[in-house]
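Text of protein.txt (compact mmCIF, C-alpha atoms) as supplied:
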```txt
# COMPACT_ATOMS: atom_id res chain seq x y z
CA MET A 1 -22.74 29.01 -105.21
CA ASP A 2 -24.51 31.12 -102.62
CA LEU A 3 -23.28 31.77 -99.08
CA ALA A 4 -25.43 29.01 -97.64
CA GLY A 5 -23.95 26.48 -100.06
CA LEU A 6 -20.43 27.69 -99.30
CA ASP A 7 -21.09 27.43 -95.58
CA SER A 8 -22.43 23.90 -96.03
CA LEU A 9 -19.39 22.95 -98.12
CA LEU A 10 -16.98 24.26 -95.48
CA ASN A 11 -18.77 22.33 -92.76
CA THR A 12 -19.06 19.04 -94.65
CA THR A 13 -15.59 18.94 -96.23
CA THR A 14 -13.13 17.39 -93.80
CA LEU A 15 -9.38 16.83 -93.72
CA LEU A 16 -7.63 14.83 -91.00
CA GLY A 17 -10.82 14.84 -88.96
CA ASN A 18 -11.33 18.63 -89.11
CA SER A 19 -13.75 20.60 -91.26
CA ALA A 20 -12.61 22.99 -93.94
CA ARG A 21 -14.05 25.81 -91.85
CA THR A 22 -11.73 24.88 -88.96
CA TRP A 23 -8.71 24.76 -91.28
CA LEU A 24 -9.68 28.13 -92.75
CA VAL A 25 -9.91 29.65 -89.27
CA CYS A 26 -6.50 28.17 -88.40
CA GLY A 27 -5.01 29.62 -91.56
CA LEU A 28 -6.47 33.04 -90.76
CA LEU A 29 -5.05 32.80 -87.24
CA ILE A 30 -1.58 32.08 -88.63
CA VAL A 31 -1.80 35.04 -91.03
CA LEU A 32 -3.11 37.26 -88.24
CA GLY A 33 -0.34 36.08 -85.92
CA VAL A 34 2.36 36.84 -88.49
CA LEU A 35 0.93 40.28 -89.23
CA LEU A 36 0.51 41.08 -85.54
CA SER A 37 4.06 39.88 -84.87
CA ARG A 38 5.47 42.20 -87.52
CA MET A 39 3.35 45.06 -86.20
CA ILE A 40 4.63 44.55 -82.65
CA ARG A 41 8.21 44.35 -83.92
CA ALA A 42 7.75 47.64 -85.80
CA LEU A 43 6.12 49.34 -82.80
CA ILE A 44 8.85 48.25 -80.40
CA THR A 45 11.57 49.31 -82.82
CA ARG A 46 9.99 52.68 -83.49
CA TYR A 47 8.60 53.82 -80.17
CA GLY A 48 10.94 51.82 -77.96
CA GLY A 49 13.88 53.34 -79.80
CA ARG A 50 12.48 56.82 -79.27
CA MET A 51 12.05 56.24 -75.55
CA ALA A 52 15.57 54.81 -75.29
CA ASN A 53 17.05 57.82 -77.07
CA VAL A 54 15.73 60.07 -74.32
CA THR A 55 18.08 58.49 -71.77
CA GLU A 56 21.85 58.94 -71.76
CA THR A 57 22.68 55.29 -71.17
CA ASP A 58 22.89 52.65 -73.91
CA LEU A 59 21.64 49.92 -71.60
CA ASP A 60 17.96 50.42 -72.42
CA ASP A 61 18.73 50.45 -76.16
CA ALA A 62 20.44 47.07 -75.89
CA MET A 63 17.64 45.64 -73.74
CA ILE A 64 14.96 46.77 -76.20
CA GLU A 65 16.94 45.30 -79.09
CA ALA A 66 17.30 41.97 -77.25
CA ALA A 67 13.56 41.85 -76.46
CA THR A 68 12.19 42.82 -79.89
CA ALA A 69 12.47 39.49 -81.71
CA PRO A 70 11.43 37.22 -78.78
CA VAL A 71 8.36 39.33 -77.90
CA ALA A 72 7.24 39.48 -81.52
CA SER A 73 7.74 35.75 -81.96
CA MET A 74 5.68 35.01 -78.84
CA VAL A 75 2.59 36.21 -80.74
CA ILE A 76 3.06 33.42 -83.29
CA VAL A 77 3.54 30.92 -80.46
CA GLY A 78 0.24 32.13 -78.94
CA ALA A 79 -1.54 31.76 -82.28
CA LEU A 80 -0.27 28.19 -82.64
CA HIS A 81 -1.45 27.43 -79.10
CA VAL A 82 -4.98 28.51 -80.01
CA ILE A 83 -4.82 26.51 -83.25
CA PHE A 84 -3.76 23.31 -81.49
CA HIS A 85 -6.82 23.58 -79.24
CA LEU A 86 -9.17 24.30 -82.16
CA LEU A 87 -8.11 21.28 -84.16
CA LYS A 88 -9.45 17.86 -83.35
CA MET A 89 -6.61 15.46 -82.61
CA PRO A 90 -5.70 12.73 -80.14
CA ASP A 91 -5.03 14.04 -76.66
CA GLY A 92 -1.52 12.62 -76.69
CA THR A 93 -0.69 14.46 -79.93
CA ARG A 94 -2.15 17.73 -78.64
CA GLU A 95 -0.20 17.40 -75.38
CA LEU A 96 3.02 16.76 -77.31
CA LEU A 97 2.47 19.80 -79.55
CA VAL A 98 1.63 22.04 -76.60
CA ASP A 99 4.76 20.87 -74.79
CA GLY A 100 6.70 21.81 -77.91
CA LEU A 101 5.22 25.31 -77.74
CA VAL A 102 6.24 25.51 -74.09
CA VAL A 103 9.79 24.68 -75.09
CA ALA A 104 9.67 27.24 -77.92
CA ALA A 105 8.37 29.93 -75.56
CA ALA A 106 11.07 29.05 -73.03
CA VAL A 107 13.74 29.37 -75.73
CA LEU A 108 12.41 32.81 -76.70
CA VAL A 109 12.26 34.05 -73.12
CA THR A 110 15.70 32.61 -72.37
CA SER A 111 17.11 34.31 -75.47
CA MET A 112 15.69 37.63 -74.28
CA LEU A 113 17.04 37.17 -70.75
CA LEU A 114 20.49 36.21 -72.05
CA GLY A 115 20.49 39.34 -74.18
CA TRP A 116 19.58 41.41 -71.12
CA VAL A 117 22.35 39.78 -69.08
CA ASP A 118 24.91 40.52 -71.80
CA ALA A 119 23.65 44.09 -72.14
CA PHE A 120 23.77 44.67 -68.39
CA PHE A 121 27.31 43.37 -67.94
CA GLU A 122 28.57 44.96 -71.16
CA HIS A 123 27.23 48.30 -69.95
CA PHE A 124 29.37 48.07 -66.83
CA MET A 125 32.35 46.44 -68.55
CA HIS A 126 33.20 49.39 -70.79
CA PRO A 127 34.06 51.88 -68.01
CA LEU A 128 36.16 49.29 -66.18
CA ARG A 129 38.17 48.23 -69.22
CA ALA A 130 39.80 51.64 -69.23
CA LYS A 131 40.75 51.28 -65.55
CA LYS A 132 43.56 48.79 -65.24
CA HIS A 133 43.50 48.76 -61.45
CA ALA A 134 39.79 49.25 -60.83
CA ALA A 135 38.38 48.06 -57.51
CA LEU A 136 36.26 45.50 -59.37
CA ASP A 137 38.40 43.76 -61.96
CA PRO A 138 36.81 43.18 -65.41
CA GLN A 139 37.68 39.49 -65.02
CA VAL A 140 35.32 39.28 -62.05
CA ILE A 141 32.55 40.95 -64.05
CA GLU A 142 33.14 38.54 -66.94
CA PHE A 143 32.89 35.63 -64.52
CA GLY A 144 29.64 37.08 -63.17
CA ARG A 145 28.29 37.38 -66.71
CA LYS A 146 29.05 33.73 -67.50
CA PHE A 147 27.62 32.57 -64.17
CA SER A 148 24.44 34.61 -64.76
CA ARG A 149 24.00 33.11 -68.24
CA ILE A 150 24.36 29.61 -66.82
CA ALA A 151 21.85 30.42 -64.06
CA VAL A 152 19.31 31.69 -66.64
CA ILE A 153 19.69 28.56 -68.78
CA VAL A 154 19.41 26.21 -65.80
CA GLY A 155 16.38 28.12 -64.50
CA ALA A 156 14.72 27.89 -67.91
CA LEU A 157 15.36 24.15 -68.12
CA LEU A 158 13.89 23.53 -64.67
CA THR A 159 10.86 25.68 -65.48
CA VAL A 160 10.19 23.82 -68.73
CA MET A 161 10.58 20.46 -67.03
CA GLN A 162 8.14 21.48 -64.30
CA THR A 163 5.65 22.86 -66.85
CA ILE A 164 5.56 19.73 -69.00
CA GLY A 165 4.95 17.57 -65.94
CA LEU A 166 8.35 16.20 -64.97
CA ASP A 167 9.13 15.81 -61.27
CA VAL A 168 11.84 18.40 -60.77
CA MET A 169 12.20 17.75 -57.04
CA SER A 170 12.93 14.07 -57.63
CA LEU A 171 15.51 15.05 -60.21
CA VAL A 172 17.17 17.52 -57.85
CA THR A 173 17.20 14.88 -55.11
CA GLY A 174 18.77 12.39 -57.47
CA LEU A 175 21.41 14.91 -58.43
CA GLY A 176 22.15 15.48 -54.75
CA ILE A 177 22.64 11.75 -54.17
CA GLY A 178 24.88 11.47 -57.20
CA GLY A 179 26.70 14.70 -56.43
CA LEU A 180 29.53 12.94 -54.63
CA ALA A 181 30.20 10.67 -57.60
CA VAL A 182 30.09 13.63 -59.96
CA ALA A 183 32.47 15.60 -57.74
CA LEU A 184 34.93 12.72 -57.65
CA ALA A 185 34.75 12.30 -61.41
CA ALA A 186 35.13 16.02 -62.05
CA GLN A 187 37.89 16.89 -59.61
CA GLU A 188 40.00 18.45 -62.33
CA THR A 189 37.13 20.56 -63.65
CA LEU A 190 36.19 21.74 -60.16
CA GLY A 191 39.85 22.50 -59.48
CA ASN A 192 39.96 24.69 -62.58
CA VAL A 193 36.80 26.55 -61.55
CA LEU A 194 38.12 27.13 -58.04
CA GLY A 195 41.45 28.18 -59.56
CA SER A 196 39.70 30.77 -61.72
CA LEU A 197 37.95 32.17 -58.63
CA GLN A 198 41.30 32.39 -56.85
CA VAL A 199 42.90 34.18 -59.80
CA MET A 200 40.03 36.64 -60.02
CA THR A 201 40.09 37.26 -56.27
CA ASP A 202 43.84 37.65 -55.81
CA GLN A 203 44.26 39.44 -59.17
CA PRO A 204 47.93 38.53 -59.77
CA PHE A 205 47.38 39.77 -63.31
CA SER A 206 44.72 41.36 -65.48
CA THR A 207 43.60 40.83 -69.05
CA GLY A 208 46.26 42.37 -71.29
CA ASP A 209 49.15 41.78 -68.88
CA PHE A 210 52.24 39.87 -69.94
CA ILE A 211 53.03 36.96 -67.66
CA ARG A 212 55.33 33.96 -67.33
CA VAL A 213 53.66 30.90 -65.81
CA GLU A 214 54.30 27.17 -66.05
CA GLY A 215 57.12 27.75 -68.54
CA HIS A 216 54.95 29.84 -70.87
CA PHE A 217 55.16 33.56 -71.66
CA GLY A 218 52.50 35.67 -73.34
CA ARG A 219 49.74 38.23 -73.08
CA VAL A 220 46.66 37.29 -71.04
CA MET A 221 43.79 37.24 -73.53
CA GLU A 222 41.03 35.77 -71.36
CA VAL A 223 40.50 34.23 -67.93
CA GLY A 224 37.76 31.63 -68.30
CA LEU A 225 36.07 29.25 -65.90
CA ARG A 226 38.38 26.39 -66.88
CA SER A 227 41.55 27.96 -68.25
CA THR A 228 43.51 31.13 -68.92
CA LYS A 229 44.37 31.86 -72.53
CA LEU A 230 47.75 33.40 -73.41
CA MET A 231 49.03 34.71 -76.74
CA THR A 232 52.79 34.40 -77.21
CA PRO A 233 54.86 36.98 -79.13
CA GLU A 234 55.09 34.40 -81.93
CA GLY A 235 51.29 34.35 -82.26
CA ILE A 236 50.79 30.94 -80.60
CA ARG A 237 47.77 30.54 -78.37
CA ILE A 238 48.55 28.80 -75.06
CA ILE A 239 45.74 27.48 -72.84
CA VAL A 240 46.81 26.93 -69.22
CA PRO A 241 44.39 25.22 -66.75
CA ASN A 242 43.50 27.56 -63.90
CA ARG A 243 44.27 24.95 -61.23
CA LEU A 244 47.92 25.03 -62.37
CA ILE A 245 47.99 28.84 -62.38
CA ALA A 246 46.56 28.93 -58.85
CA GLN A 247 49.45 26.77 -57.64
CA ALA A 248 52.26 28.22 -59.75
CA ALA A 249 54.66 31.12 -59.27
CA ILE A 250 53.52 33.85 -61.63
CA GLN A 251 55.85 36.46 -63.10
CA ASN A 252 53.90 39.55 -64.13
CA CYS A 253 56.10 41.29 -66.70
CA SER A 254 53.75 44.21 -67.33
CA VAL A 255 55.92 46.98 -65.91
CA PHE A 256 55.76 50.50 -67.35
CA GLU A 257 52.94 49.25 -69.59
CA GLY A 258 55.37 47.01 -71.49
CA ILE A 259 57.17 43.67 -71.48
CA THR A 260 60.29 43.21 -69.40
CA GLU A 261 63.38 42.04 -71.28
CA GLY A 262 66.47 41.05 -69.28
CA PHE A 263 69.77 39.41 -70.18
CA THR A 264 73.45 39.35 -69.15
CA LEU A 265 76.43 40.34 -71.29
CA GLY A 266 79.85 38.90 -70.44
CA LEU A 267 83.00 40.82 -71.45
CA THR A 268 86.56 39.53 -71.29
CA TYR A 269 88.66 40.15 -68.16
CA ASP A 270 91.13 42.34 -70.04
CA THR A 271 88.34 44.95 -70.43
CA THR A 272 89.21 48.02 -68.35
CA ALA A 273 86.79 49.78 -66.04
CA ASP A 274 86.51 52.70 -68.45
CA ARG A 275 85.75 50.33 -71.30
CA LEU A 276 83.08 48.64 -69.17
CA SER A 277 81.44 52.04 -68.62
CA GLU A 278 81.68 52.66 -72.35
CA ALA A 279 80.03 49.30 -73.06
CA ALA A 280 77.18 50.09 -70.65
CA ASP A 281 76.61 53.47 -72.34
CA LEU A 282 76.57 51.82 -75.78
CA VAL A 283 73.99 49.25 -74.69
CA ARG A 284 71.84 51.92 -73.09
CA GLN A 285 71.92 54.09 -76.23
CA VAL A 286 71.09 51.21 -78.58
CA VAL A 287 67.99 50.36 -76.52
CA ILE A 288 66.81 53.96 -76.17
CA ASP A 289 67.18 54.61 -79.90
CA HIS A 290 64.80 51.80 -80.81
CA PRO A 291 61.21 53.03 -81.47
CA HIS A 292 59.59 50.05 -79.69
CA THR A 293 61.41 50.25 -76.36
CA SER A 294 60.91 52.37 -73.26
CA ASP A 295 63.47 54.95 -72.13
CA GLU A 296 63.59 53.09 -68.82
CA VAL A 297 66.83 51.13 -69.32
CA THR A 298 69.16 49.78 -66.64
CA VAL A 299 72.68 48.53 -67.37
CA HIS A 300 74.86 47.57 -64.38
CA MET A 301 77.93 45.49 -63.77
CA THR A 302 76.63 42.74 -61.53
CA SER A 303 79.45 40.27 -60.93
CA PHE A 304 82.94 39.01 -61.62
CA GLY A 305 82.20 35.73 -63.32
CA ASP A 306 84.44 32.69 -63.71
CA PHE A 307 85.54 33.88 -67.12
CA SER A 308 83.75 37.20 -67.73
CA LEU A 309 82.85 40.61 -66.37
CA ASN A 310 79.06 40.58 -66.37
CA LEU A 311 76.74 43.43 -67.34
CA ARG A 312 73.03 43.01 -66.51
CA VAL A 313 70.69 44.68 -69.01
CA VAL A 314 66.96 45.29 -68.38
CA TYR A 315 64.64 47.20 -70.73
CA PHE A 316 60.96 47.20 -71.69
CA HIS A 317 59.14 46.48 -74.94
CA THR A 318 56.28 48.86 -75.77
CA ASN A 319 54.86 47.01 -78.79
CA PHE A 320 53.70 43.46 -78.11
CA ASP A 321 53.32 42.61 -81.79
CA ALA A 322 56.96 43.50 -82.49
CA VAL A 323 58.69 41.82 -79.53
CA ALA A 324 60.65 39.30 -81.58
CA LYS A 325 61.78 41.92 -84.12
CA THR A 326 62.66 44.42 -81.40
CA ARG A 327 64.74 41.83 -79.56
CA ASN A 328 66.53 40.99 -82.80
CA ASP A 329 67.20 44.66 -83.61
CA VAL A 330 68.53 45.43 -80.14
CA ASN A 331 70.79 42.37 -80.03
CA LEU A 332 72.24 43.08 -83.48
CA GLY A 333 72.63 46.76 -82.59
CA ILE A 334 74.63 45.86 -79.46
CA LYS A 335 76.84 43.45 -81.44
CA ARG A 336 77.57 46.05 -84.13
CA ALA A 337 78.32 48.74 -81.53
CA PHE A 338 80.72 46.43 -79.68
CA ASP A 339 82.41 45.39 -82.93
CA ASP A 340 82.91 49.04 -83.91
CA ARG A 341 84.49 49.86 -80.53
CA GLY A 342 86.56 46.69 -80.27
CA LEU A 343 84.76 45.34 -77.23
CA GLU A 344 84.99 41.57 -76.95
CA PHE A 345 82.44 39.17 -75.51
CA ALA A 346 83.80 36.51 -73.18
CA PHE A 347 83.42 32.79 -73.63
CA PRO A 348 84.32 29.92 -71.29
CA THR A 349 88.09 29.72 -71.03
CA GLN A 350 90.69 28.29 -68.66
CA THR A 351 94.31 29.32 -68.15
CA LEU A 352 96.74 26.53 -67.25
CA HIS A 353 100.05 27.38 -65.55
CA LEU A 354 102.70 24.69 -66.25
CA LEU A 355 105.88 24.33 -64.18
CA ASN A 356 109.01 22.66 -65.59
CA GLU A 357 110.68 19.82 -63.67
CA ALA A 358 113.46 22.01 -62.31
CA ASN A 359 111.01 24.52 -60.84
CA ALA A 360 108.75 21.74 -59.64
CA GLY A 361 111.55 20.20 -57.56
CA ARG A 362 112.43 23.35 -55.68
```
Written as structure tokens, that's how I'd like the structure from this file.
Amino acid sequence: MDLAGLDSLLNTTTLLGNSARTWLVCGLLIVLGVLLSRMIRALITRYGGRMANVTETDLDDAMIEAATAPVASMVIVGALHVIFHLLKMPDGTRELLVDGLVVAAAVLVTSMLLGWVDAFFEHFMHPLRAKKHAALDPQVIEFGRKFSRIAVIVGALLTVMQTIGLDVMSLVTGLGIGGLAVALAAQETLGNVLGSLQVMTDQPFSTGDFIRVEGHFGRVMEVGLRSTKLMTPEGIRIIVPNRLIAQAAIQNCSVFEGITEGFTLGLTYDTTADRLSEAADLVRQVVIDHPHTSDEVTVHMTSFGDFSLNLRVVYFHTNFDAVAKTRNDVNLGIKRAFDDRGLEFAFPTQTLHLLNEANAGR
């Protein structure tokens, strides 16, 4: 078959209302789009990486990495857009397919922008994580990152809706009218968001601190928009709504970069002053000798109780993962030391003085 016959065959053979020539051109466009996409990906990776290596910051590296796949994929989206206009099809079908490409392009652009947001905030998060009392708390930056991601997604949705012909202004107006109902229905959620802003503004604690709040104790793992996540020494994850934290009394136990441990020891009333001093020294030595406690230990006689002489003990854990074991070791160490020295713990007792009848009548 000569070229003329082949050309006639391509023009006369049809499939779904389009000639074989048109389908061949569409196929070539897809192949060209894939090849061009891979070429762009390779060029960005090679030359973009070289340009990024010239700078000292890692921000541009992360931004180039986030943009590589979306930019390369946009070439395929462009090829499909041309193909949909080459093929003969009902206008409604073409409009639906083009709208799908708009959505796909919006997803790619949004993915790139989200990657840039993460890269930007991550670049500034690293220096602040090492500064516990930085002027701008990392929690605030994390909140800004989440807010920026939400803003990008909402902006992308509104742009897509406007592009495919939906009336965005009417939608926004409708949301404004229904805003009061939404606010009433989401009081708890809004309270949690406002509570998170209050926590981040007042900074009663930072990520990594050990706090007691609402009857819970643990390390602050994350302050989110809705809740604050704590990890207890037993490895249990506690999620406390931020509206409760904003209203509660918070005990920040992160003193001397450790966890505060405090308790009271009661000794019997027949313990002499010298023996009380000896008991305090024993407790202090047991705590100091433990590898997971700080040398900052206070042991004082605080009160004459109803049935005991009370010693107040305060020390600090330095290893969060070993709090329970450290507490056990210290308590057993104190008990053994007291047993060896003959020091007795007090327990609730009462002494009754009885008078005989003869003495009672005098």
**Message:** I'd like to know which of A:Ile239, A:Leu311, A:Ile211, A:Ala119 is closest to A:Asp61, using all atoms listed in the file.
**Reply:** A:Ala119
Write out as JSON an axis-aligned box for stretch 56-66 of chain A: all of its atoms listed in the file, 8 Å added on each side, centre and edge lengths in Å with one decimal.
```
{"center_x": 18.9, "center_y": 50.5, "center_z": -75.1, "size_x": 23.9, "size_y": 33.0, "size_z": 23.9}
```
Please identify all polymer residues within 6 Å of stretch 344-350 of chain A, counting all atoms listed in the file, omitting same-chain residues fewer than 5 positions from it, and present them as a PDB file with C-alpha atoms, in the coordinates of the input.
```pdb
ATOM      1  CA  GLY A 266      79.850  38.900 -70.440  1.00  0.00           C
ATOM      2  CA  LEU A 267      83.000  40.820 -71.450  1.00  0.00           C
ATOM      3  CA  THR A 268      86.560  39.530 -71.290  1.00  0.00           C
ATOM      4  CA  PHE A 307      85.540  33.880 -67.120  1.00  0.00           C
ATOM      5  CA  SER A 308      83.750  37.200 -67.730  1.00  0.00           C
TER       6      SER A 308
END
```
**Request:** Find the residues near A:Ala248: any atom within 9 Å, counting all atoms listed in the file, skip ones fewer than 5 places away on the same chain, and give them as a list in words.
**Result:** Val213, Glu214 and Arg243 of chain A
At a cut-off of 12 Å, using all atoms listed in the file, what residues contact A:Leu166? Leave out same-chain residues fewer than 6 positions from it and give the result as a PDB file with C-alpha atoms, in the frame of the given file.
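Written output follows (around.pdb):
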```
ATOM      1  CA  ASP A  99       4.760  20.870 -74.790  1.00  0.00           C
ATOM      2  CA  LEU A 157      15.360  24.150 -68.120  1.00  0.00           C
ATOM      3  CA  LEU A 158      13.890  23.530 -64.670  1.00  0.00           C
ATOM      4  CA  THR A 159      10.860  25.680 -65.480  1.00  0.00           C
ATOM      5  CA  VAL A 160      10.190  23.820 -68.730  1.00  0.00           C
ATOM      6  CA  VAL A 172      17.170  17.520 -57.850  1.00  0.00           C
TER       7      VAL A 172
END
```
**Complete:** One residue among A:Leu87, A:Leu113, A:Val199, A:Val286 is nearest to A:Ile250 when using all atoms listed in the file, and that residue is A:Val199
**Prompt:** Leaving out A:Ala280 and any residue of its chain fewer than 4 positions from it, which residues lie within 12 Å of it when counting only C-alpha atoms, given as a list in words?
**Reply:**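 Here the qualifying residues turn out to be Thr264, Leu265, Gly266, Leu267, Ala273, Asp274, Arg275, Leu276, Arg284, Gln285, Val286, Val287, Val297, Thr298, Val299, His300, Met301, Thr302, Leu309, Asn310, Leu311, Arg312, Val313, Val314, Ile334, Ala337, Phe338 and Leu343 of chain A.
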**Request:** Go through A:Cys253, A:Ile40, A:Leu86, A:Val103 one by one, measure the shortest atom-to-atom distance of each to A:Ala72 using all atoms listed in the file, and give the residue with the smallest value.
**Result:** A:Ile40
**Asked** If we count all atoms listed in the file, what is near A:Ala156 at a cut-off of 9 Å, once residues fewer than 4 positions away on the same chain are taken out, given as an NGL selection string?
**Response** :A and (106-107 or 109-110 or 151-152 or 160-161)
**Message:** Nearest residue to A:Ala322 out of A:His290, A:Lys229, A:Lys88, A:His123, using all atoms listed in the file?
**Reply:**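 Smallest separation from A:Ala322 among the options: A:His290.
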**Request:** Record the distance separating atom CA of A:Met231 and atom CA of A:His317, expressed in Å with one decimal.
**Result:**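 The value is 15.6 Å.
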**Prompt:** With all atoms listed in the file as the basis for distance, which of A:Tyr315, A:Leu244, A:Gly195, A:Asp295 is at the shortest distance from A:Gly262?
**Reply:**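 Using all atoms listed in the file, the shortest distance to A:Gly262 belongs to A:Tyr315.
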